Amino acid sequence: MASQLTFIGAGNMASAIFGGLIDNGYPAEAITATSPDESMLEQHRARYGIHTTTDNVAGVSDADVVILAVKPQIMREVCEPLQEALQISRPLIISIAAGLTIDTLSQWLGDDSLPIVRCMPNTPALVGKGATGLYAPPGSGEDHRALASDLLSAVGIVEWVEEETQLSAVTAIAGSAPAYFFYMLEAMENAGVERGLSRETARRLAIQTALGAANMASESEHDPQTLKQQVMSPKGTTERAIASFEQAGFEKMVDDATLACFERAESLARELRDQ
């Protein structure tokens with residue numbers, strides 16, 4: 001029998017996850033989503049056939065798993081009214097909220113013995129190509145870890161980290177990283193237009209090239225450095241382009257950007273803890 005899942009929050013990431021589950025055969029009748037937005041819930045009922053409610057407490061009362069999928073800034077006001085109901089149902093809690101530590105969530109949920117798994121998904125989960133980092137504290141049950149893995153793998157790959165602070169690194173190289181690639185695509189599109197291509201042609205070529213390169217990297221036995229070298233020939237066009245990237249400090253730019261993201265994730269955790 002499928003676990004009863006309740007999503008507190010029914011926005012894009014929540015719908016990506018329960019939509020992916022349903023596409024992979026998970027029974028829609030075992031899924032509930034909550035939101036104050038009745039029109040959004042109506043759309044989800046019509047599209048997915050799931051249960052919906054505007055009452056968070058009612059939503060968690062019979063849940064085996066509760067997925068916290070609201071913005072970090074409102075998580076406290078969402079969690080505190082659930083304390084009594086969660087004491088009775090004692091589900092597995094999965095949080096997809098950036099920056100909120102397990103200690104903070106436990107405090108807001110009123111019980112440090114509730115099983116909690118934190119995860120950091122990214123937006124390609126919306127098309128079933130997500131990359132999610134997962135963390136559970138020492139002593140967490142293997143059944144809880146396995147269940148979290150099964151649920152999140154419905155929308156992409158999952159990787160477990162050993163320390164909770166490593167989720168900030170996951171944010172830097174996966175959670176926020178789709179925007180880095182979109183930025184690169186934007187720059188390539190503009191460069192193509194500058195060199196005479198139509199915007200539509202430049203965009204299609206850049207996107208397809210990114211897709212092909214990602215698939216090659218995923219399926220190849222070689223690392224990215226080797227794959228890069230295989231595209232280059234001595235004194236050729238690609239070598240000249242890579243040399244230009246190197247002279248501009250491309251690798252340091254990427255390192256600086258991911259460091260800035262990592263540090264902001266850490267500071268956000270502190271701000272949310274102290275709110």
# chains A, B, ... in the order shown; residues from 1 in each chain; ligands from 1
$ residues_around --residues "range 180-196 of chain A" --least-positions-apart "6" --cutoff "12 Å" --atoms "only C-alpha atoms" --output "count of residues only"
23
$ residues_around --residues "Pro121 in chain A" --least-positions-apart "4" --cutoff "10 Å" --atoms "only C-alpha atoms" --output "list in words"
Met13, Ile17, Ile96, Ala97, Ala98, Ala125, Gly130, Ala131, Thr132, Gly133, Leu134, Leu152, Val155, Gly156, Ile157, Val158, Val170, Thr171, Ala174, Gly175 and Ser176 of chain A
$ atom_distance --atom1 "CA of Asp143 in chain A" --atom2 "CA of Ser15 in chain A"
24.1 Å
$ atom_distance --atom1 "CA of Arg145 in chain A" --atom2 "CA of Pro91 in chain A"
13.2 Å
$ closest_residue --among "A:Ala136, A:Ala248, A:Leu126, A:Leu68" --to "Leu109 in chain A" --atoms "only C-alpha atoms"
A:Leu68
$ atom_distance --atom1 "CA of Glu200 in chain A" --atom2 "CA of Pro178 in chain A"
20.9 Å
$ closest_residue --among "A:Thr104, A:Thr54, A:Gln166, A:Gln87" --to "Pro72 in chain A" --atoms "only C-alpha atoms"
A:Thr104
$ select_by_dssp --residues "range 39-250 of chain A" --states "strand (DSSP E)" --output "ChimeraX atom specification"
/A:51-53,65-68,92-95,116-120,130-135,156-160
$ closest_residue --among "A:Glu271, A:Asp23, A:Asp64, A:Glu80" --to "Gly99 in chain A" --atoms "only C-alpha atoms"
A:Glu271
$ closest_atom_pairs --of "range 56-129 of chain A" --to "range 28-45 of chain A" --cutoff "9 Å" --atoms "only C-alpha atoms" --output "Markdown table"
| residue | atom | partner | partner_atom | distance |
| --- | --- | --- | --- | --- |
| A:Asn56 | CA | A:Thr34 | CA | 6.0 |
| A:Gly59 | CA | A:Thr34 | CA | 6.7 |
| A:Val60 | CA | A:Thr32 | CA | 8.8 |
| A:Ala63 | CA | A:Thr32 | CA | 8.7 |
$ write_last_selection --atoms "N, CA and C atoms" --output "short mmCIF file (atom, residue, chain, number, x, y, z; two decimals), in the first residue's frame"
data_model
loop_
_atom_site.label_atom_id
_atom_site.label_comp_id
_atom_site.auth_asym_id
_atom_site.auth_seq_id
_atom_site.Cartn_x
_atom_site.Cartn_y
_atom_site.Cartn_z
N ASN A 56 -4.26 22.99 6.51
CA ASN A 56 -3.01 22.25 6.69
C ASN A 56 -3.12 21.18 7.77
N GLY A 59 -4.84 18.28 6.50
CA GLY A 59 -4.01 17.63 5.49
C GLY A 59 -2.98 16.68 6.07
N VAL A 60 -2.43 17.00 7.25
CA VAL A 60 -1.38 16.16 7.82
C VAL A 60 -1.91 15.09 8.77
N ALA A 63 -1.33 11.59 7.35
CA ALA A 63 -0.19 11.47 6.42
C ALA A 63 0.91 10.57 6.99
#
$ closest_residue --among "A:Ser89, A:Glu266, A:Cys119, A:Trp108" --to "Ser149 in chain A" --atoms "only C-alpha atoms"
A:Cys119
$ residues_around --residues "range 262-265 of chain A" --least-positions-apart "2" --cutoff "6 Å" --atoms "only C-alpha atoms" --output "PyMOL selection string"
chain A and resi 99+168-169+172+259-260+267-268
$ select_by_dssp --residues "range 4-251 of chain A" --states "alpha helix (DSSP H)" --output "PyMOL selection string"
chain A and resi 12-23+38-48+56-60+75-79+83-89+102-109+142-152+166-170+177-194+199-219+224-231+237-247+250-251
$ closest_residue --among "A:Leu114, A:Leu100, A:Val70, A:Val231" --to "Gly11 in chain A" --atoms "only C-alpha atoms"
A:Val70
